[in-house]
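Everything below belongs to coords-v1.csv, which stores CSV, C-alpha atoms and all ligand atoms.
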chain,number,residue,atom,x,y,z
A,1,MET,CA,-17.8,12.7,-16.3
A,2,VAL,CA,-14.4,11.2,-16.0
A,3,GLU,CA,-14.5,7.4,-15.5
A,4,VAL,CA,-12.0,6.3,-12.9
A,5,LEU,CA,-11.3,2.6,-12.1
A,6,VAL,CA,-9.5,1.9,-8.8
A,7,THR,CA,-8.4,-1.6,-8.4
A,8,GLY,CA,-7.8,-2.8,-4.8
A,9,GLY,CA,-10.0,0.1,-3.6
A,10,ALA,CA,-11.0,-1.8,-0.5
A,11,GLY,CA,-7.4,-2.1,0.7
A,12,PHE,CA,-5.4,0.4,2.8
A,13,ILE,CA,-4.2,2.9,0.2
A,14,GLY,CA,-7.0,2.2,-2.3
A,15,SER,CA,-9.7,3.1,0.2
A,16,ASN,CA,-8.0,6.3,1.2
A,17,PHE,CA,-7.6,7.1,-2.4
A,18,VAL,CA,-11.3,6.5,-3.3
A,19,ARG,CA,-12.4,8.7,-0.4
A,20,TYR,CA,-9.9,11.4,-1.4
A,21,ALA,CA,-10.8,11.3,-5.1
A,22,LEU,CA,-14.6,11.5,-4.5
A,23,ALA,CA,-14.0,14.6,-2.4
A,24,ALA,CA,-11.4,16.2,-4.6
A,25,HIS,CA,-13.0,15.6,-8.0
A,26,PRO,CA,-16.8,16.3,-8.4
A,27,ASP,CA,-16.4,15.4,-12.1
A,28,TRP,CA,-15.0,11.9,-11.4
A,29,ARG,CA,-17.2,8.7,-11.3
A,30,VAL,CA,-15.2,6.1,-9.4
A,31,THR,CA,-15.5,2.3,-9.8
A,32,THR,CA,-13.8,0.2,-7.2
A,33,LEU,CA,-12.8,-3.3,-8.3
A,34,ASP,CA,-11.7,-5.5,-5.4
A,35,LYS,CA,-11.6,-9.2,-4.7
A,36,LEU,CA,-11.9,-8.7,-1.0
A,37,THR,CA,-9.0,-10.9,0.0
A,38,TYR,CA,-8.1,-11.1,3.7
A,39,ALA,CA,-6.7,-7.6,3.3
A,40,GLY,CA,-9.7,-6.0,1.5
A,41,ARG,CA,-12.6,-4.8,3.7
A,42,ARG,CA,-15.9,-3.3,2.7
A,43,ASP,CA,-15.7,-1.6,6.1
A,44,SER,CA,-12.8,0.5,4.8
A,45,LEU,CA,-15.2,2.1,2.4
A,46,ARG,CA,-18.2,2.3,4.7
A,47,ASP,CA,-18.7,6.0,4.5
A,48,VAL,CA,-18.4,6.2,0.7
A,49,ILE,CA,-19.5,2.8,-0.7
A,50,ASN,CA,-23.0,4.2,-1.5
A,51,HIS,CA,-21.8,7.6,-2.7
A,52,GLU,CA,-23.7,8.6,-5.8
A,53,ARG,CA,-20.5,8.8,-7.9
A,54,HIS,CA,-19.1,5.5,-6.6
A,55,ALA,CA,-19.7,1.9,-7.7
A,56,PHE,CA,-18.3,-1.1,-5.9
A,57,VAL,CA,-17.6,-4.3,-8.0
A,58,HIS,CA,-16.6,-7.4,-6.1
A,59,GLY,CA,-14.2,-9.4,-8.3
A,60,ASP,CA,-10.8,-10.5,-9.3
A,61,ILE,CA,-8.5,-8.5,-11.7
A,62,LEU,CA,-7.5,-11.9,-13.1
A,63,ASP,CA,-11.0,-12.4,-14.4
A,64,ALA,CA,-10.6,-10.8,-17.8
A,65,ALA,CA,-14.3,-11.1,-18.6
A,66,LEU,CA,-15.0,-8.9,-15.6
A,67,SER,CA,-12.0,-6.6,-15.4
A,68,GLY,CA,-11.6,-6.1,-19.2
A,69,PRO,CA,-14.8,-4.2,-19.8
A,70,LEU,CA,-14.3,-2.1,-16.7
A,71,VAL,CA,-10.9,-1.1,-18.0
A,72,GLU,CA,-12.1,-0.5,-21.5
A,73,ARG,CA,-14.7,2.1,-20.5
A,74,SER,CA,-12.2,4.0,-18.2
A,75,ASN,CA,-10.5,7.3,-18.7
A,76,ILE,CA,-8.2,6.7,-15.8
A,77,VAL,CA,-7.0,3.4,-14.1
A,78,VAL,CA,-5.3,3.5,-10.8
A,79,HIS,CA,-4.0,0.0,-10.2
A,80,PHE,CA,-3.5,-0.7,-6.5
A,81,ALA,CA,-4.7,-4.3,-6.3
A,82,ALA,CA,-1.9,-6.6,-5.2
A,83,GLU,CA,-0.8,-9.1,-2.6
A,84,THR,CA,1.3,-6.8,-0.4
A,85,HIS,CA,2.7,-8.4,2.7
A,86,VAL,CA,6.4,-9.4,2.5
A,87,ASP,CA,6.1,-11.9,5.3
A,88,ARG,CA,3.2,-13.7,3.6
A,89,SER,CA,5.2,-13.7,0.3
A,90,ILE,CA,8.0,-15.5,2.1
A,91,MET,CA,5.6,-18.2,3.4
A,92,ALA,CA,3.9,-18.7,0.0
A,93,ALA,CA,4.7,-16.7,-3.2
A,94,GLY,CA,2.2,-18.1,-5.7
A,95,GLU,CA,-0.6,-15.6,-5.1
A,96,PHE,CA,1.9,-12.8,-5.4
A,97,ILE,CA,3.0,-13.9,-8.8
A,98,ARG,CA,-0.6,-14.5,-10.0
A,99,THR,CA,-2.1,-11.2,-8.7
A,100,ASP,CA,0.8,-8.8,-8.9
A,101,VAL,CA,2.3,-9.9,-12.2
A,102,GLU,CA,-0.4,-11.8,-14.1
A,103,GLY,CA,-3.2,-9.6,-12.8
A,104,THR,CA,-1.4,-6.5,-14.0
A,105,PHE,CA,-1.0,-8.2,-17.4
A,106,VAL,CA,-4.8,-8.8,-17.6
A,107,LEU,CA,-5.5,-5.1,-16.9
A,108,LEU,CA,-2.9,-3.9,-19.4
A,109,GLU,CA,-4.4,-6.1,-22.1
A,110,GLY,CA,-7.8,-4.4,-21.3
A,111,ALA,CA,-6.1,-1.0,-21.5
A,112,ARG,CA,-5.0,-1.8,-25.1
A,113,ARG,CA,-8.7,-1.9,-26.0
A,114,ALA,CA,-9.7,1.2,-24.0
A,115,PRO,CA,-10.5,4.0,-26.5
A,116,GLY,CA,-10.7,6.9,-24.0
A,117,LEU,CA,-7.9,5.9,-21.7
A,118,GLN,CA,-5.8,8.9,-20.6
A,119,ARG,CA,-3.8,7.4,-17.7
A,120,PHE,CA,-2.9,4.0,-16.4
A,121,VAL,CA,-1.2,4.4,-13.0
A,122,GLN,CA,0.9,1.4,-12.1
A,123,ILE,CA,1.3,1.6,-8.3
A,124,SER,CA,4.7,0.1,-7.7
A,125,THR,CA,6.9,0.4,-4.6
A,126,ASP,CA,10.3,1.5,-3.3
A,127,GLU,CA,11.0,-2.1,-2.4
A,128,VAL,CA,11.8,-2.8,-6.1
A,129,TYR,CA,15.1,-1.1,-5.6
A,130,GLY,CA,16.1,-3.6,-2.9
A,131,SER,CA,18.0,-2.6,0.2
A,132,VAL,CA,19.9,0.7,-0.1
A,133,ALA,CA,23.1,0.8,2.0
A,134,ALA,CA,23.7,4.6,1.5
A,135,GLY,CA,22.2,7.5,-0.4
A,136,ALA,CA,18.8,7.6,-2.0
A,137,SER,CA,17.3,5.6,-4.9
A,138,ARG,CA,16.6,7.5,-8.1
A,139,GLU,CA,14.1,6.4,-10.7
A,140,THR,CA,16.9,5.4,-13.1
A,141,ASP,CA,18.6,3.1,-10.5
A,142,GLU,CA,18.9,-0.6,-11.1
A,143,LEU,CA,16.1,-2.7,-9.6
A,144,ARG,CA,17.3,-5.3,-7.2
A,145,PRO,CA,14.2,-6.8,-5.5
A,146,ARG,CA,15.1,-9.4,-2.8
A,147,ASN,CA,11.9,-11.1,-1.7
A,148,PRO,CA,9.0,-12.6,-3.6
A,149,TYR,CA,6.7,-9.6,-3.0
A,150,SER,CA,9.2,-7.0,-4.3
A,151,ALA,CA,10.2,-9.2,-7.2
A,152,SER,CA,6.6,-9.6,-8.2
A,153,LYS,CA,6.1,-5.9,-8.0
A,154,ALA,CA,9.2,-5.3,-10.0
A,155,GLY,CA,7.8,-7.6,-12.7
A,156,ALA,CA,4.6,-5.7,-12.8
A,157,ASP,CA,6.4,-2.3,-12.8
A,158,ARG,CA,8.5,-3.3,-15.9
A,159,LEU,CA,5.5,-5.0,-17.6
A,160,ALA,CA,3.5,-1.8,-17.3
A,161,TYR,CA,6.4,0.2,-18.6
A,162,SER,CA,6.7,-2.2,-21.6
A,163,TYR,CA,3.1,-1.5,-22.6
A,164,TRP,CA,4.0,2.2,-22.9
A,165,ALA,CA,7.2,1.5,-24.8
A,166,THR,CA,5.6,-1.1,-27.1
A,167,TYR,CA,2.0,0.0,-27.5
A,168,ASN,CA,2.3,3.6,-26.5
A,169,LEU,CA,-0.3,3.2,-23.7
A,170,PRO,CA,-0.4,6.2,-21.3
A,171,VAL,CA,1.3,4.4,-18.5
A,172,ILE,CA,3.1,6.0,-15.5
A,173,VAL,CA,4.7,4.1,-12.7
A,174,THR,CA,4.8,5.3,-9.1
A,175,ARG,CA,7.2,3.9,-6.4
A,176,ALA,CA,6.1,5.0,-3.0
A,177,SER,CA,7.8,4.4,0.3
A,178,ASN,CA,6.1,2.7,3.4
A,179,ASN,CA,2.7,4.3,3.9
A,180,TYR,CA,1.0,4.7,7.3
A,181,GLY,CA,-2.4,6.1,8.3
A,182,PRO,CA,-6.0,4.9,8.9
A,183,TYR,CA,-7.4,1.6,7.6
A,184,GLN,CA,-4.0,-0.1,7.3
A,185,PHE,CA,-4.4,-3.9,7.8
A,186,PRO,CA,-3.3,-4.8,11.3
A,187,GLU,CA,-0.6,-7.2,10.1
A,188,LYS,CA,1.6,-4.4,9.0
A,189,VAL,CA,4.0,-3.0,11.5
A,190,ILE,CA,2.4,0.2,12.7
A,191,PRO,CA,-1.2,-1.0,13.1
A,192,LEU,CA,0.0,-4.3,14.5
A,193,PHE,CA,2.1,-2.7,17.1
A,194,VAL,CA,-0.5,0.0,18.0
A,195,THR,CA,-3.3,-2.6,18.3
A,196,ASN,CA,-1.2,-5.1,20.2
A,197,ALA,CA,0.0,-2.4,22.6
A,198,ILE,CA,-3.6,-1.1,23.2
A,199,ASP,CA,-4.3,-4.7,24.5
A,200,ASP,CA,-1.0,-4.9,26.4
A,201,LEU,CA,0.2,-7.6,24.1
A,202,PRO,CA,3.9,-8.0,23.1
A,203,VAL,CA,5.1,-6.1,20.1
A,204,PRO,CA,7.4,-8.4,18.0
A,205,LEU,CA,10.4,-6.5,16.8
A,206,TYR,CA,12.4,-8.4,14.1
A,207,GLY,CA,16.1,-8.9,14.4
A,208,ASP,CA,18.1,-6.0,15.9
A,209,GLY,CA,15.3,-3.5,15.2
A,210,ARG,CA,17.7,-1.3,13.3
A,211,ASN,CA,16.1,-1.6,9.8
A,212,VAL,CA,15.1,1.7,8.4
A,213,ARG,CA,11.9,2.6,6.5
A,214,ASP,CA,11.0,6.0,5.0
A,215,TRP,CA,7.4,6.7,6.2
A,216,LEU,CA,4.9,8.5,4.0
A,217,HIS,CA,1.4,9.5,5.2
A,218,VAL,CA,-1.3,7.9,3.0
A,219,LEU,CA,-2.9,11.2,2.3
A,220,ASP,CA,0.4,12.7,1.1
A,221,HIS,CA,0.6,9.6,-1.2
A,222,CYS,CA,-3.0,10.2,-2.5
A,223,ARG,CA,-2.1,13.9,-3.3
A,224,ALA,CA,1.0,12.8,-5.2
A,225,ILE,CA,-1.0,10.3,-7.3
A,226,ASP,CA,-3.6,12.9,-8.0
A,227,LEU,CA,-0.9,15.4,-9.1
A,228,LEU,CA,0.8,12.8,-11.3
A,229,ILE,CA,-2.5,11.8,-13.0
A,230,ASP,CA,-2.6,15.5,-14.2
A,231,ALA,CA,1.1,16.4,-14.6
A,232,ALA,CA,3.2,13.3,-15.3
A,233,SER,CA,4.7,12.3,-18.6
A,234,ASN,CA,3.8,8.9,-20.1
A,235,GLY,CA,6.4,6.2,-19.7
A,236,GLU,CA,8.0,7.9,-16.7
A,237,VAL,CA,8.6,6.5,-13.2
A,238,TYR,CA,8.1,8.8,-10.1
A,239,ASN,CA,9.3,8.1,-6.6
A,240,ILE,CA,7.0,9.2,-3.8
A,241,GLY,CA,8.8,9.3,-0.4
A,242,GLY,CA,7.9,11.0,2.9
A,243,GLY,CA,11.5,11.9,3.8
A,244,ASN,CA,11.0,10.4,7.2
A,245,GLU,CA,13.7,7.8,7.8
A,246,VAL,CA,13.1,6.0,11.0
A,247,MET,CA,14.6,2.9,12.6
A,248,ASN,CA,12.1,0.3,13.6
A,249,VAL,CA,13.2,0.4,17.2
A,250,ASP,CA,12.7,4.1,17.4
A,251,LEU,CA,9.3,3.8,15.7
A,252,THR,CA,8.3,1.2,18.3
A,253,HIS,CA,9.3,3.5,21.2
A,254,ARG,CA,7.4,6.4,19.6
A,255,ILE,CA,4.2,4.2,19.3
A,256,LEU,CA,4.5,3.0,22.9
A,257,GLU,CA,5.0,6.6,24.2
A,258,ALA,CA,2.0,7.9,22.2
A,259,LEU,CA,-0.1,5.2,23.9
A,260,GLY,CA,1.5,5.5,27.4
A,261,LYS,CA,2.6,1.9,27.3
A,262,PRO,CA,5.8,0.5,28.7
A,263,ALA,CA,8.9,-0.4,26.6
A,264,SER,CA,8.7,-3.9,28.3
A,265,LEU,CA,6.1,-4.8,25.6
A,266,ILE,CA,8.9,-4.9,23.1
A,267,THR,CA,9.7,-8.5,22.3
A,268,PRO,CA,12.7,-9.3,20.1
A,269,VAL,CA,12.0,-12.1,17.6
A,270,PRO,CA,14.2,-13.7,15.0
A,271,ASP,CA,14.7,-11.7,11.9
A,272,ARG,CA,12.7,-11.9,8.6
A,273,PRO,CA,14.7,-13.9,6.1
A,274,GLY,CA,16.4,-11.6,3.6
A,275,HIS,CA,15.2,-8.5,5.5
A,276,ASP,CA,16.0,-5.4,3.5
A,277,ARG,CA,18.0,-3.1,5.8
A,278,ARG,CA,17.0,0.3,4.5
A,279,TYR,CA,14.9,2.0,1.9
A,280,CYS,CA,15.3,5.6,0.9
A,281,LEU,CA,14.0,7.6,-2.0
A,282,ASP,CA,15.2,10.6,-3.9
A,283,THR,CA,12.0,12.5,-4.6
A,284,ALA,CA,13.4,15.5,-6.6
A,285,LYS,CA,11.5,14.5,-9.8
A,286,LEU,CA,8.1,14.6,-8.1
A,287,ARG,CA,9.0,17.7,-6.1
A,288,SER,CA,9.9,19.5,-9.3
A,289,LEU,CA,6.2,19.1,-10.3
A,290,GLY,CA,5.2,21.0,-7.1
A,291,TRP,CA,4.5,18.2,-4.6
A,292,SER,CA,5.9,18.0,-1.1
A,293,PRO,CA,4.6,16.0,1.9
A,294,ARG,CA,2.3,18.1,4.1
A,295,ILE,CA,2.0,15.8,7.1
A,296,ALA,CA,5.0,15.8,9.6
A,297,PHE,CA,5.7,12.3,10.8
A,298,ASP,CA,5.3,13.1,14.6
A,299,GLU,CA,1.9,14.6,14.0
A,300,GLY,CA,0.8,11.9,11.5
A,301,LEU,CA,1.9,9.1,13.8
A,302,ARG,CA,0.0,10.6,16.7
A,303,GLU,CA,-3.1,11.0,14.6
A,304,THR,CA,-2.8,7.5,13.3
A,305,VAL,CA,-2.4,6.1,16.8
A,306,ASP,CA,-5.5,8.1,17.9
A,307,TRP,CA,-7.4,6.7,14.8
A,308,TYR,CA,-6.8,3.1,15.9
A,309,ARG,CA,-7.8,4.0,19.4
A,310,ALA,CA,-11.0,5.5,18.3
A,311,ASN,CA,-11.9,2.9,15.6
A,312,GLU,CA,-11.8,-0.4,17.3
A,313,TRP,CA,-15.0,-1.3,15.3
A,314,TRP,CA,-12.8,-1.5,12.3
A,315,TRP,CA,-9.8,-3.6,13.5
A,316,ARG,CA,-11.1,-5.7,16.4
A,317,PRO,CA,-13.3,-8.0,14.2
A,318,ILE,CA,-10.3,-8.6,12.0
A,319,LYS,CA,-8.0,-9.5,14.8
A,320,GLU,CA,-10.5,-11.3,17.0
A,321,GLN,CA,-12.9,-13.0,14.6
A,322,ASP,CA,-11.3,-13.5,11.2
A,323,PRO,CA,-9.7,-17.0,11.1
A,324,ARG,CA,-7.3,-15.8,8.3
A,325,PHE,CA,-5.7,-13.3,10.6
A,326,LYS,CA,-5.4,-15.8,13.5
A,327,SER,CA,-3.9,-18.5,11.4
A,328,TYR,CA,-1.4,-16.1,9.9
A,329,TYR,CA,-0.4,-14.7,13.3
A,330,GLU,CA,0.1,-18.2,14.7
A,331,ALA,CA,2.2,-19.3,11.7
A,332,GLN,CA,4.3,-16.1,11.6
A,333,TYR,CA,4.9,-15.4,15.3
A,334,HIS,CA,4.6,-18.6,17.2
A,335,THR,CA,7.4,-20.3,15.2
A,336,ARG,CA,9.6,-17.2,15.8
A,337,GLN,CA,9.6,-17.3,19.6
B,401,LIG,P1,-3.5,-3.9,0.9
B,401,LIG,O1,-3.0,-5.2,1.0
B,401,LIG,O2,-4.1,-3.1,2.1
B,401,LIG,O3,-4.7,-3.9,-0.2
B,401,LIG,C1,-4.7,-4.6,-1.4
B,401,LIG,C2,-6.1,-4.7,-2.0
B,401,LIG,O4,-6.1,-5.4,-3.2
B,401,LIG,C3,-7.1,-5.4,-1.1
B,401,LIG,O5,-8.3,-4.7,-0.9
B,401,LIG,C4,-7.3,-6.7,-1.8
B,401,LIG,O6,-8.6,-7.3,-1.5
B,401,LIG,C5,-7.1,-6.3,-3.2
B,401,LIG,N1,-6.8,-7.4,-4.1
B,401,LIG,C6,-5.8,-8.3,-3.9
B,401,LIG,N2,-5.8,-9.2,-4.9
B,401,LIG,C7,-6.8,-8.8,-5.8
B,401,LIG,C8,-7.2,-9.4,-7.0
B,401,LIG,N3,-6.7,-10.5,-7.6
B,401,LIG,N4,-8.2,-8.7,-7.6
B,401,LIG,C9,-8.8,-7.6,-7.1
B,401,LIG,N5,-8.4,-7.1,-5.9
B,401,LIG,C10,-7.4,-7.7,-5.3
B,401,LIG,O7,-2.4,-3.0,0.2
B,401,LIG,P2,-1.9,-1.5,0.3
B,401,LIG,O8,-1.0,-1.4,1.4
B,401,LIG,O9,-3.2,-0.7,0.2
B,401,LIG,O10,-1.1,-1.4,-1.1
B,401,LIG,C11,-1.8,-1.0,-2.3
B,401,LIG,C12,-0.8,-0.9,-3.4
B,401,LIG,O11,0.3,0.0,-3.1
B,401,LIG,C13,-0.1,-2.2,-3.7
B,401,LIG,O12,0.1,-2.3,-5.1
B,401,LIG,C14,1.3,-2.1,-3.0
B,401,LIG,O13,2.3,-2.9,-3.6
B,401,LIG,C15,1.5,-0.6,-3.2
B,401,LIG,N6,2.4,0.0,-2.2
B,401,LIG,C16,2.1,-0.1,-0.8
B,401,LIG,C17,2.9,0.5,0.1
B,401,LIG,C18,2.5,0.5,1.6
B,401,LIG,O14,3.3,0.9,2.4
B,401,LIG,N7,1.4,-0.1,2.0
B,401,LIG,C19,4.0,1.3,-0.3
B,401,LIG,C20,4.3,1.4,-1.7
B,401,LIG,C21,3.5,0.7,-2.6
B,402,LIG,P1,6.1,-4.0,7.1
B,402,LIG,O1,5.0,-3.2,7.7
B,402,LIG,O2,5.8,-5.5,6.9
B,402,LIG,O3,6.5,-3.3,5.7
B,402,LIG,P2,7.7,-3.7,4.7
B,402,LIG,O4,8.4,-4.9,5.2
B,402,LIG,O5,7.0,-3.9,3.5
B,402,LIG,O6,8.6,-2.5,4.8
B,402,LIG,O7,7.3,-3.9,8.0
B,402,LIG,C1,8.0,-2.6,8.2
B,402,LIG,C2,9.2,-2.9,9.0
B,402,LIG,O8,8.9,-3.4,10.3
B,402,LIG,C3,10.1,-3.9,8.4
B,402,LIG,O9,11.5,-3.6,8.6
B,402,LIG,C4,9.8,-5.2,9.2
B,402,LIG,C5,9.5,-4.7,10.6
B,402,LIG,N1,8.5,-5.5,11.3
B,402,LIG,C6,8.8,-5.9,12.6
B,402,LIG,O10,9.9,-5.6,13.2
B,402,LIG,N2,7.9,-6.7,13.3
B,402,LIG,C7,6.7,-7.0,12.7
B,402,LIG,O11,5.9,-7.8,13.4
B,402,LIG,C8,6.4,-6.6,11.4
B,402,LIG,C9,5.1,-6.9,10.7
B,402,LIG,C10,7.4,-5.8,10.7

Could you write out this file's structure as structure tokens?
Ligand code: NAD
Ligand code: TYD
Amino acid sequence: MVEVLVTGGAGFIGSNFVRYALAAHPDWRVTTLDKLTYAGRRDSLRDVINHERHAFVHGDILDAALSGPLVERSNIVVHFAAETHVDRSIMAAGEFIRTDVEGTFVLLEGARRAPGLQRFVQISTDEVYGSVAAGASRETDELRPRNPYSASKAGADRLAYSYWATYNLPVIVTRASNNYGPYQFPEKVIPLFVTNAIDDLPVPLYGDGRNVRDWLHVLDHCRAIDLLIDAASNGEVYNIGGGNEVMNVDLTHRILEALGKPASLITPVPDRPGHDRRYCLDTAKLRSLGWSPRIAFDEGLRETVDWYRANEWWWRPIKEQDPRFKSYYEAQYHTRQ
């Protein structure tokens, strides 16, 4: 059996990856290590948590006594665990530096002691390139992160690379664009707007709404990681982008149309400080290995809207009962109006 450690497997992308991996690889035994922060939910793994080839470990990647032995016995590590929300990083950056940078360091130290390690996948982000005025970011471009989240991720990205360059660890780094799909925490723009609109609540659009993101369906992301585990070269960086550049205001209209809700729900709010205008990835390197996204954005967005409509059991308890969501929402939006 191939021993696979997935950190952050109770989060959005991690939970989709665990489900995907168990189905795609009958010879993989998957261990999820997750701290269950506000963003990590056992519910996101409900259908696979007791799978015979899955083990769930509740714990912190920073706890070397716990995470070290898990890494040491692994053949593959896919490291998703992170603090991920730009707006939260602007409010308080400490947890981002601890988890995203120092947490990655703890795992990499464990990897140095792992005799059977074949891959350490450092899940980075397109946000490390900073705002891209024109053209598309290539893997060799300079990193210009502009907020505490992306700066922490850039630190982890280069730290992981350094463990390949220095210790010859089998590290690869992936930089994906904005993901969307089922089980995304309802603070991020698509699930926030969908779930607010379902309840006829305002959808708070930052600034002039003309910022551009390149949307990638989470399952296309999982397929890319899977391919790279097999086909990548150690020490290399790979962009993973959906090729769907959409302005926030257009995205908002599409969501409201899919739900049959009026445009009057759109509420302009003051902009995010340092708000990156545009991200865009050149994905030629990944495509040359045989990957291309399979899910068209219109279809993926419609299915995602339908998923949130059909799965209120998953998001309503977060929005209506979790005090951590409520206090964040108050702090973030009530001061913006
Ligand atoms: P998420 O916030 O939904 O999930 C993060 C998970 O990590 C949660 O389950 C949380 O409990 C866990 N976690 C946080 N701190 C931890 C710690 N100290 N120890 C153990 N577990 C901890 O995030 P996501 O959107 O699924 O993102 C996953 C990864 O992908 C992150 O590294 C993120 O930077 C990267 N990424 C995300 C996107 C995107 O659009 N969502 C795009 C590119 C890259
Ligand atoms: P987000 O989902 O936070 O992802 P990121 O900032 O990491 O790209 O936001 C996506 C875009 O949506 C970003 O340009 C900010 C914008 N946005 C809003 O306009 N309103 C909101 O309430 C949120 C959360 C985001």

TODO: Considering all atoms listed in the file, return as a ChimeraX atom specification whatever protein or nucleic-acid residues lie within 8 Å of Leu143 in chain A, sequence-local ones (same chain, fewer than 6 positions apart) excluded.
DONE: /A:128-130,154

Task: Near-ligand residues for ligand LIG 402 (chain B), threshold 8 Å, all atoms listed in the file, as a ChimeraX atom specification - done: /A:84-87,127,178,187-190,192-193,203-207,209,211-213,248-249,271-272,275-278,333

Open item on the list: List as a PyMOL selection string the protein and nucleic acid residues lying within 8 Å of ligand LIG 401 (chain B), with all atoms listed in the file counted.
Closed with: chain A and resi 7-15+33-41+58-62+79-85+98-100+103+122-127+153+175-180+183-185+216

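For the choices A:Thr195, A:Thr252, A:Ser162, A:Ser89, the atom-to-atom distance to Arg146 in chain A is smallest for A:Ser89 when using only C-alpha atoms.
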
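Across the model, the gap from CA of Thr104 in chain A to CA of Ala23 in chain A is 27.2 Å.
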